[in-house]
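Okay, structure first, notes after.
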Amino acid sequence: MKVTVISGTARKQGRTRIVSSYIADAYQTDLIDLSENILPIFNGEEEQLLDDNIEKLRTTIKDSDAVVLVSPEYHSGMSGALKNAIDFLSHEQFSNKPVAILACAGGGKGGINALVNMRTVARGVYANVIPNQLVLDPIDIDTENRTVTQATEAKIKDLMEELFMYAKFKKA
Ligand SMILES: Cc1cc2nc3c(=O)[nH]c(=O)nc-3n(C[C@H](O)[C@H](O)[C@H](O)COP(=O)(O)O)c2cc1C
């Protein structure tokens, strides 16, 4: 089964990137890292589709059985980088595809708005966003060792198991 994580931050030192890399390593998924895969701002011109990073994004997501979206919460929404990436995609990549969503928040009871925003936008490309979802605060992430805490590992495991269940169900 091919699963792809999209790390929705342009910040190389961001917590979102740590969480995304943890999931990609622990669950042997593909990773689209928007701090490495720099995308232009979507302008609707056909020639943008020839850009290597856009081509990689569109092909990788289309070929995936399931997708994990990880975004920082910025001003009560997902990051502009992730929304811009999704603007290059559509039902052609996402239709009926199980998608798990995680938000990295500031720890002041934030994160839920980014999740709701991701769920709404993912529905707009006909993705099947699974019910389980996660907000991760700074306390859940071990920035020094660039990994997540043990308690967070367990929560991510629950989320990923649910994602795999829906992905298998879709294939049947
Ligand atoms: C521009 C900006 C806006 C932010 N807005 C929110 C917010 O609305 N809610 C929240 O919980 N945290 C907010 N934060 C904190 C980030 O969500 C938090 O630091 C998160 O770890 C950022 O992910 P990153 O490290 O991958 O960039 C904001 C941070 C920045 C830089």
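Identifiers in this document derive from the order of the structure tokens: chains are assigned A, B, ..., residues are numbered from 1 separately in each chain, and ligands are numbered from 1 in order of occurrence.
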
(message) I need the residues in range 14-167 of chain A that are helix (DSSP H, G or I) according to DSSP; give them as an MDAnalysis selection string.
(response) chainID A and resid 15:26 46:50 52:62 80:87 91:94 112:124 138:140 150:167

Closest atom pairs, chain A residues within 6 Å of ligand 1, only C-alpha atoms and all ligand atoms, as CSV:
residue,atom,partner,partner_atom_place_in_ligand_line,distance
A:Thr9,CA,ligand 1,26 (O),5.3
A:Arg11,CA,ligand 1,27 (O),5.7
A:Gly14,CA,ligand 1,25 (O),3.3
A:Arg15,CA,ligand 1,25 (O),3.8
A:Thr16,CA,ligand 1,26 (O),3.6
A:Arg17,CA,ligand 1,26 (O),5.9
A:Pro72,CA,ligand 1,23 (O),4.1
A:Glu73,CA,ligand 1,17 (O),4.1
A:Tyr74,CA,ligand 1,5 (N),3.5
A:His75,CA,ligand 1,8 (O),3.5
A:Ser76,CA,ligand 1,8 (O),3.8
A:Cys104,CA,ligand 1,20 (C),4.9
A:Ala105,CA,ligand 1,17 (O),3.6
A:Gly106,CA,ligand 1,12 (N),3.7
A:Gly107,CA,ligand 1,11 (O),5.7
A:Gly108,CA,ligand 1,11 (O),5.6
A:Gly110,CA,ligand 1,11 (O),3.3
A:Gly111,CA,ligand 1,11 (O),5.0

(request) Find the spatial neighbours of Glu144 in chain A, counting only C-alpha atoms, within a cut-off of 12 Å - ignore same-chain residues fewer than 5 positions away - and output them as a ChimeraX atom specification. (result) /A:13-15,18,138-139,149

(request) Tell me, as a ChimeraX atom specification, which residues lie within 8 Å of range 80-97 of chain A, counting only C-alpha atoms; anything in the same chain fewer than 6 positions away does not count. (result) /A:7-10,34,39,41-42,54,58,61-63,65-67,71,125-129,167,170

Pull C-alpha atoms from the residues just selected and write them as a short mmCIF file (atom, residue, chain, number, x, y, z; two decimals), in the first residue's frame.
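Result file again.cif:
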data_model
loop_
_atom_site.label_atom_id
_atom_site.label_comp_id
_atom_site.auth_asym_id
_atom_site.auth_seq_id
_atom_site.Cartn_x
_atom_site.Cartn_y
_atom_site.Cartn_z
CA SER A 7 4.41 18.19 5.20
CA GLY A 8 2.54 21.49 4.94
CA THR A 9 5.15 23.91 6.21
CA ALA A 10 7.66 25.96 4.29
CA LEU A 34 6.86 21.62 1.00
CA LEU A 39 5.93 25.20 -5.44
CA ILE A 41 1.90 30.23 -6.36
CA PHE A 42 -0.95 28.65 -8.29
CA ILE A 54 4.19 20.14 -9.35
CA ARG A 58 0.35 15.42 -8.76
CA ILE A 61 -0.74 11.83 -4.76
CA LYS A 62 -2.57 10.22 -7.68
CA ASP A 63 -0.58 6.99 -7.19
CA ASP A 65 -3.78 4.69 -1.75
CA ALA A 66 -4.02 7.12 1.17
CA VAL A 67 -2.69 10.55 2.12
CA SER A 71 -0.20 21.47 8.65
CA VAL A 125 -11.37 17.72 -3.80
CA TYR A 126 -13.63 14.73 -2.96
CA ALA A 127 -11.21 13.18 -0.48
CA ASN A 128 -12.59 10.87 2.20
CA VAL A 129 -11.23 12.47 5.39
CA ALA A 167 -7.45 2.35 2.59
CA LYS A 170 -11.39 1.22 -0.49
#

(request) Give the strand (DSSP E) residues of range 31-95 of chain A, as DSSP finds them on the backbone, and put them as a ChimeraX atom specification. (result) /A:31-33,66-72

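In this structure, CA of Ala122 in chain A sits 28.9 Å away from CA of Gln150 in chain A.
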
(request) Choose the residue, out of A:Arg146, A:Lys56, A:Arg119, A:Lys157, that has the smallest atom-to-atom separation from Tyr27 in chain A; count only C-alpha atoms. (result) A:Lys157

(request) For Thr152 in chain A, work out the shell of residues within 12 Å, counting only C-alpha atoms and skipping chain neighbours fewer than 5 positions away, then give it as a ChimeraX atom specification. (result) /A:19,22-23,102,104,134-142,147,157-159

(message) Given only C-alpha atoms as the basis, pick out the residue of A:Met78, A:Leu163, A:Ile38, A:Val148 nearest to Leu115 in chain A.
(response)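 Closest to Leu115 in chain A of all the choices is A:Met78.
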
(message) When you count only C-alpha atoms, which of these residues is closest to Val70 in chain A: A:Val121, A:Ala24, A:Leu31, A:Val5?
(response) A:Val5

(message) Under the rule that only C-alpha atoms are counted, which of A:Asn145, A:Ile6, A:Ile101, A:Met165 is the nearest residue to Ile32 in chain A?
(response)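 Among the listed residues, A:Ile6 lies closest to Ile32 in chain A.
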
(request) Can you work out the spacing between CA of Glu153 in chain A and CA of Ile130 in chain A in Å, to one decimal? (result)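 Distance between the two atoms: 18.4 Å.
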
(message) Considering only C-alpha atoms, can you say which of A:Pro40, A:Ile156, A:Thr120, A:Lys168 comes closest to Asp52 in chain A?
(response) A:Pro40

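Closest approach to Phe164 in chain A among A:Asn117, A:Asn53, A:Ser64, A:Ser21: A:Ser64, based on only C-alpha atoms.
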